[in-house]
file coords_31.cif (mmCIF, C-alpha atoms)
data_run
loop_
_atom_site.label_atom_id
_atom_site.label_comp_id
_atom_site.auth_asym_id
_atom_site.auth_seq_id
_atom_site.Cartn_x
_atom_site.Cartn_y
_atom_site.Cartn_z
CA GLY A 1378 50.61 10.67 -3.89
CA TYR A 1379 54.29 11.02 -2.98
CA CYS A 1380 56.08 10.49 -6.29
CA THR A 1381 54.04 12.73 -8.60
CA PRO A 1382 54.68 16.08 -6.83
CA PHE A 1383 58.28 15.09 -6.01
CA LEU A 1384 59.12 14.31 -9.64
CA LEU A 1385 57.37 17.45 -10.83
CA ALA A 1386 59.48 19.59 -8.49
CA PHE A 1387 62.90 17.99 -8.76
CA GLU A 1388 62.99 16.31 -12.17
CA ASP A 1389 65.60 18.76 -13.53
CA HIS A 1390 68.03 17.84 -10.77
CA LEU A 1391 67.48 14.12 -11.31
CA LYS A 1392 67.97 14.41 -15.07
CA GLN A 1393 71.23 16.34 -14.68
CA LYS A 1394 72.80 14.61 -11.67
CA LYS A 1395 71.33 11.10 -11.75
CA PRO A 1396 70.25 10.25 -15.31
CA THR A 1397 70.16 6.50 -14.64
CA ALA A 1398 67.87 6.89 -11.65
CA TRP A 1399 65.73 9.32 -13.64
CA SER A 1400 65.28 6.78 -16.43
CA GLN A 1401 64.20 4.14 -13.92
CA VAL A 1402 61.75 6.52 -12.26
CA GLN A 1403 60.35 7.48 -15.66
CA ALA A 1404 59.76 3.82 -16.47
CA VAL A 1405 57.81 3.31 -13.23
CA ASP A 1406 55.87 6.54 -13.80
CA PHE A 1407 55.00 5.40 -17.32
CA VAL A 1408 53.61 2.11 -15.97
CA VAL A 1409 51.46 4.09 -13.52
CA ASP A 1410 50.15 6.24 -16.38
CA ILE A 1411 49.23 3.11 -18.33
CA LEU A 1412 47.39 1.73 -15.29
CA PHE A 1413 45.45 4.98 -15.03
CA VAL A 1414 44.50 4.72 -18.69
CA ILE A 1415 43.30 1.15 -18.14
CA ASP A 1416 41.30 2.37 -15.15
CA ILE A 1417 39.46 4.80 -17.45
CA PHE A 1418 38.17 1.88 -19.49
CA VAL A 1419 37.33 -0.05 -16.32
CA GLN A 1420 35.20 2.86 -15.10
CA PHE A 1421 32.96 2.43 -18.14
CA CYS A 1422 32.08 -1.04 -16.80
CA THR A 1423 31.84 -0.21 -13.09
CA THR A 1424 28.39 -0.06 -11.52
CA TYR A 1425 27.30 2.84 -9.34
CA GLU A 1426 24.46 3.77 -7.00
CA ASP A 1427 21.91 6.37 -8.01
CA ASN A 1428 20.30 8.94 -5.70
CA LYS A 1429 17.78 6.34 -4.49
CA GLY A 1430 20.47 3.85 -3.51
CA ASN A 1431 19.75 1.51 -6.39
CA THR A 1432 22.64 -0.16 -8.18
CA VAL A 1433 22.85 0.81 -11.85
CA ASP A 1434 24.33 -1.90 -14.09
CA THR A 1435 23.19 -0.74 -17.54
CA HIS A 1436 26.25 -0.07 -19.71
CA ALA A 1437 24.77 2.97 -21.43
CA LYS A 1438 23.82 4.62 -18.12
CA ILE A 1439 27.17 3.73 -16.57
CA ALA A 1440 29.06 5.26 -19.49
CA TRP A 1441 26.96 8.45 -19.51
CA HIS A 1442 27.31 8.83 -15.73
CA TYR A 1443 31.09 8.51 -15.95
CA ILE A 1444 31.35 10.94 -18.88
CA LYS A 1445 29.31 13.53 -16.96
CA SER A 1446 31.37 13.17 -13.80
CA TRP A 1447 35.04 12.23 -13.84
CA PHE A 1448 35.89 11.27 -17.43
CA CYS A 1449 37.35 14.62 -18.56
CA LEU A 1450 39.41 15.02 -15.40
CA ASP A 1451 40.78 11.48 -15.67
CA VAL A 1452 41.80 11.97 -19.30
CA VAL A 1453 43.50 15.31 -18.63
CA SER A 1454 45.44 13.81 -15.72
CA CYS A 1455 46.89 11.11 -17.99
CA LEU A 1456 47.77 13.15 -21.08
CA PRO A 1457 50.77 15.14 -19.73
CA GLY A 1458 52.52 11.98 -18.60
CA LEU A 1459 52.03 10.19 -21.92
CA ILE A 1460 52.57 13.06 -24.37
CA PHE A 1461 55.14 15.28 -22.66
CA ARG A 1462 57.41 12.55 -21.40
CA ASP A 1463 61.08 13.46 -21.00
CA SER A 1464 64.05 11.21 -21.37
CA ALA A 1465 67.20 11.57 -19.30
CA GLU A 1466 68.66 13.79 -22.02
CA GLY A 1467 65.48 15.93 -22.18
CA GLY A 1468 62.75 15.87 -24.75
CA GLY A 1469 59.71 13.71 -25.33
CA PRO A 1470 57.95 12.56 -28.48
CA LEU A 1471 56.59 16.05 -29.17
CA LEU A 1472 59.78 17.82 -28.09
CA GLU A 1473 62.36 15.88 -30.02
CA ASN A 1474 63.24 18.71 -32.39
CA VAL A 1475 62.09 21.74 -30.39
CA LYS A 1476 63.29 21.93 -26.79
CA LEU A 1477 60.37 23.80 -25.26
CA SER A 1478 61.76 23.41 -21.76
CA ARG A 1479 64.71 25.64 -22.70
CA VAL A 1480 62.90 28.47 -24.43
CA GLY A 1481 61.60 31.20 -22.11
CA LYS A 1482 57.83 31.49 -22.16
CA LEU A 1483 57.45 28.16 -23.99
CA GLY A 1484 59.36 26.48 -21.22
CA ARG A 1485 57.01 28.01 -18.67
CA LEU A 1486 54.01 26.78 -20.68
CA PHE A 1487 55.56 23.33 -20.76
CA LYS A 1488 55.85 23.43 -16.98
CA VAL A 1489 52.19 24.38 -16.62
CA LEU A 1490 51.15 21.44 -18.81
CA LYS A 1491 53.18 19.08 -16.64
CA ILE A 1492 51.52 20.47 -13.52
CA LEU A 1493 48.32 18.90 -14.84
CA LYS A 1494 49.81 15.59 -13.75
CA MET A 1495 48.86 16.66 -10.22
CA LEU A 1496 45.28 15.85 -11.16
CA LYS A 1497 46.26 12.24 -10.57
CA LEU A 1498 46.03 13.02 -6.88
CA VAL A 1499 42.31 13.69 -7.27
CA ARG A 1500 41.87 10.16 -8.60
CA LEU A 1501 43.88 8.79 -5.68
CA LEU A 1502 41.65 10.69 -3.26
CA ARG A 1503 38.61 9.03 -4.82
CA MET A 1504 40.22 5.62 -4.37
CA PHE A 1505 41.11 6.36 -0.76
CA HIS A 1506 37.56 7.59 -0.14
CA ARG A 1507 36.12 4.31 -1.40
CA PHE A 1508 38.57 2.35 0.73
CA ASP A 1509 37.77 4.50 3.76
CA LYS A 1510 34.04 3.85 3.38
CA LEU A 1511 34.66 0.12 3.02
CA LEU A 1512 36.85 0.02 6.12
CA GLU A 1513 34.35 2.13 8.09
CA ASN A 1514 31.56 -0.34 7.28
CA VAL A 1515 33.74 -3.25 8.40
CA LEU A 1516 34.62 -1.57 11.71
CA LYS A 1517 30.99 -0.72 12.45
CA ARG A 1518 29.95 -4.36 12.28
CA ASP A 1519 31.98 -5.34 15.33
CA LYS A 1520 31.61 -3.41 18.59
CA TYR A 1521 35.05 -4.61 19.68
CA MET A 1522 36.54 -2.70 16.77
CA ALA A 1523 35.56 0.70 18.19
CA THR A 1524 39.10 1.32 19.49
CA SER A 1525 40.55 0.43 16.11
CA SER A 1526 38.11 2.82 14.50
CA ARG A 1527 39.34 5.72 16.64
CA GLY A 1528 42.92 4.74 15.90
CA TRP A 1529 42.17 4.71 12.19
CA VAL A 1530 40.71 8.24 12.38
CA LEU A 1531 43.89 9.49 14.09
CA PHE A 1532 46.13 7.72 11.58
CA ARG A 1533 44.10 9.09 8.69
CA PHE A 1534 44.47 12.65 9.98
CA LEU A 1535 48.23 12.36 10.56
CA ALA A 1536 48.83 10.69 7.20
CA GLY A 1537 46.72 13.30 5.43
CA ALA A 1538 48.59 16.14 7.13
CA MET A 1539 51.98 14.70 6.17
CA ILE A 1540 50.96 14.09 2.57
CA PHE A 1541 49.53 17.60 2.24
CA ALA A 1542 52.72 19.09 3.72
CA HIS A 1543 54.75 17.07 1.22
CA ILE A 1544 52.63 18.27 -1.72
CA ALA A 1545 52.72 21.88 -0.50
CA GLY A 1546 56.51 21.74 -0.15
CA CYS A 1547 57.05 20.31 -3.63
CA MET A 1548 54.72 22.89 -5.14
CA TRP A 1549 56.61 25.60 -3.23
CA TRP A 1550 59.74 24.61 -5.16
CA VAL A 1551 57.76 24.53 -8.43
CA THR A 1552 56.39 27.99 -7.65
CA GLY A 1553 59.91 29.32 -7.11
CA GLU A 1554 61.15 27.95 -10.42
CA PHE A 1555 58.07 29.06 -12.32
CA SER A 1556 58.08 32.62 -10.94
CA GLU A 1557 61.64 33.44 -12.01
CA GLY A 1558 61.41 36.49 -14.25
CA LEU A 1559 57.63 36.91 -14.08
CA ASP A 1560 57.51 40.15 -12.09
CA ASN A 1561 57.87 43.57 -13.69
CA PRO A 1562 61.14 45.05 -12.37
CA GLU A 1563 59.62 48.53 -12.10
CA ILE A 1564 56.88 47.19 -9.83
CA CYS A 1565 59.15 45.18 -7.54
CA CYS A 1566 62.32 47.15 -7.52
CA GLY A 1567 61.62 50.61 -8.78
CA ALA A 1568 62.59 52.05 -12.14
CA ASP A 1569 65.91 53.42 -10.80
CA ALA A 1570 67.27 50.13 -9.44
CA ASP A 1571 70.67 49.40 -10.94
CA VAL A 1572 71.61 45.86 -9.84
CA LEU A 1573 71.10 43.00 -12.28
CA CYS A 1574 70.34 39.41 -11.23
CA VAL A 1575 69.02 36.62 -13.42
CA GLY A 1576 68.15 39.13 -16.10
CA ILE A 1577 65.93 41.17 -13.77
CA VAL A 1578 66.60 44.50 -12.08
CA VAL A 1579 66.56 43.79 -8.36
CA GLN A 1580 66.93 45.58 -5.08
CA GLU A 1581 67.43 43.68 -1.81
CA ASN A 1582 66.43 40.40 -3.48
CA ASP A 1583 63.03 41.70 -4.62
CA CYS A 1584 61.73 40.15 -7.85
CA VAL A 1585 63.96 37.11 -7.24
CA SER A 1586 62.53 33.79 -6.19
CA TRP A 1587 63.29 32.27 -2.81
CA ILE A 1588 65.39 29.61 -4.57
CA THR A 1589 67.73 32.16 -6.16
CA SER A 1590 67.98 34.40 -3.11
CA GLY A 1591 68.94 31.41 -0.95
CA ASN A 1592 71.29 29.85 -3.55
CA TYR A 1593 69.38 26.58 -3.34
CA TYR A 1594 70.07 25.70 -6.97
CA ASP A 1595 73.55 24.64 -5.83
CA SER A 1596 72.18 22.40 -3.07
CA SER A 1597 71.79 18.64 -3.10
CA LEU A 1598 68.47 16.99 -3.85
CA LEU A 1599 67.95 16.07 -0.18
CA HIS A 1600 68.68 19.61 0.98
CA ARG A 1601 66.27 21.05 -1.60
CA TYR A 1602 63.47 18.75 -0.51
CA ILE A 1603 64.03 19.20 3.23
CA THR A 1604 64.11 22.99 2.79
CA ALA A 1605 60.85 23.00 0.83
CA LEU A 1606 59.22 20.63 3.33
CA TYR A 1607 60.46 22.78 6.22
CA TRP A 1608 58.80 25.83 4.66
CA SER A 1609 55.50 24.01 4.13
CA VAL A 1610 55.35 22.69 7.71
CA THR A 1611 56.15 26.06 9.28
CA THR A 1612 53.66 27.81 6.99
CA LEU A 1613 50.80 25.34 7.36
CA THR A 1614 51.21 25.36 11.15
CA THR A 1615 51.19 29.20 10.97
CA VAL A 1616 54.55 29.35 12.77
CA GLY A 1617 56.35 31.06 9.90
CA TYR A 1618 59.87 31.72 11.16
CA GLY A 1619 60.53 34.01 8.21
CA ASP A 1620 63.94 32.59 7.30
CA ILE A 1621 62.44 31.35 4.02
CA SER A 1622 59.91 33.67 2.43
CA GLY A 1623 58.56 34.50 -1.00
CA GLY A 1624 60.27 37.17 -3.03
CA THR A 1625 58.12 37.22 -6.15
CA THR A 1626 54.43 38.09 -6.38
CA LEU A 1627 53.48 34.53 -7.28
CA GLU A 1628 55.36 33.14 -4.28
CA LYS A 1629 53.62 35.58 -1.96
CA ILE A 1630 50.21 34.61 -3.35
CA TYR A 1631 51.03 30.93 -2.87
CA SER A 1632 52.20 31.62 0.71
CA ILE A 1633 48.94 33.38 1.50
CA LEU A 1634 46.91 30.45 0.16
CA MET A 1635 48.92 27.93 2.19
CA MET A 1636 48.50 29.94 5.39
CA ILE A 1637 44.76 30.07 4.79
CA CYS A 1638 44.73 26.30 4.19
CA GLY A 1639 46.61 25.78 7.44
CA VAL A 1640 44.20 27.92 9.45
CA LEU A 1641 41.15 26.25 7.92
CA GLY A 1642 42.60 22.78 8.40
CA TYR A 1643 43.42 23.16 12.10
CA SER A 1644 40.22 25.06 12.87
CA THR A 1645 38.14 22.09 11.71
CA VAL A 1646 39.96 19.48 13.82
#
call {"tool": "encode", "arguments": {"input": "coords_31.cif", "output": "structure tokens"}}
result
Amino acid sequence: GYCTPFLLAFEDHLKQKKPTAWSQVQAVDFVVDILFVIDIFVQFCTTYEDNKGNTVDTHAKIAWHYIKSWFCLDVVSCLPGLIFRDSAEGGGPLLENVKLSRVGKLGRLFKVLKILKMLKLVRLLRMFHRFDKLLENVLKRDKYMATSSRGWVLFRFLAGAMIFAHIAGCMWWVTGEFSEGLDNPEICCGADADVLCVGIVVQENDCVSWITSGNYYDSSLLHRYITALYWSVTTLTTVGYGDISGGTTLEKIYSILMMICGVLGYSTV
């Protein structure tokens, strides 16, 4: 839950500045992808409970139930990691001759395909849900575990909030990179604007992502991550100091969605 969004957001920096560390991380990530693929086959042999609470152990019914529910999502979450895998020098098995990541719109499409790796988090949520139900049943059996049960609820909320803030921050960086050059200069800046930046006509940093306007491309990996995390925490808590804000249309849409998520999250506590 921590590594997938982090690698998606900052892989370019790792490949350029720390190629050895990137290769090691890629090896670990590849092992995780293989484990997820193995889990797909395991799901075809895992029993489930029907609507009446009866355990279904027939292989044909188990397979059909899995195909109708989570099979497609599980497959899609594994494919980007196995097919579009980059080396430290850049380029995976399908990108050996054509560097999609360096060619305008194709590079943006490549980024979208890699975002599908975030679907792994859905599978992790399912695993955590099963574990949570198991732990809840254990705590209910002993009346002396009531205090531990309340402590577990608090820990679960805090851990969930921190993980969501981490994911939102990493995706904020991804949104900034992805939105570079998407906006129409005449919409953002006016047809008469005469200042060029990153190939786009700009005026007072309009049409430019928050990364470019703040010169964060020259920052260290730690500073990039802390800045993105800082934005996500201030936005999700609806504080919003305004020192970091979206400049492109896509960034503004993402900011709106995160503020709505923050309001909904805290209103249900």
call {"tool": "resolve_selection", "arguments": {"input": "coords_31.cif", "expression": "the PyMOL selection byres ((chain A and resi 1496) around 12)", "output": "list in words"}}
result
Gly1378, Thr1381, Pro1382, Asp1410, Phe1413, Trp1447, Cys1449, Leu1450, Asp1451, Val1452, Val1453, Ser1454, Cys1455, Leu1456, Pro1457, Gly1458, Leu1490, Lys1491, Ile1492, Leu1493, Lys1494, Met1495, Lys1497, Leu1498, Val1499, Arg1500, Leu1501, Leu1502 and Arg1503 of chain A
call {"tool": "residues_around", "arguments": {"input": "coords_31.cif", "residues": "stretch 1441-1443 of chain A", "least_positions_apart": "2", "cutoff": "10 Å", "atoms": "all atoms listed in the file", "output": "ChimeraX atom specification"}}
result
/A:1417,1420-1425,1427,1433,1436-1439,1445-1449
call {"tool": "atom_distance", "arguments": {"input": "coords_31.cif", "atom1": "atom CA of A:Leu1627", "atom2": "atom CA of A:Asp1406"}}
result
28.8 Å
call {"tool": "resolve_selection", "arguments": {"input": "coords_31.cif", "expression": "the PyMOL selection byres ((chain A and resi 1554) around 12)", "output": "MDAnalysis selection string"}}
result
chainID A and resid 1385:1389 1484:1485 1488:1489 1547:1553 1555:1559 1585:1590 1593:1594 1623:1625 1627:1628
call {"tool": "resolve_selection", "arguments": {"input": "coords_31.cif", "expression": "the PyMOL selection byres ((chain A and resi 1610) around 12)", "output": "MDAnalysis selection string"}}
result
chainID A and resid 1538:1547 1549 1603:1609 1611:1618 1621 1632 1635:1636 1638:1639
call {"tool": "atom_distance", "arguments": {"input": "coords_31.cif", "atom1": "atom CA of A:Lys1395", "atom2": "atom CA of A:Ser1622"}}
result
29.0 Å
call {"tool": "atom_distance", "arguments": {"input": "coords_31.cif", "atom1": "atom CA of A:Thr1435", "atom2": "atom CA of A:Ile1411"}}
result
26.3 Å
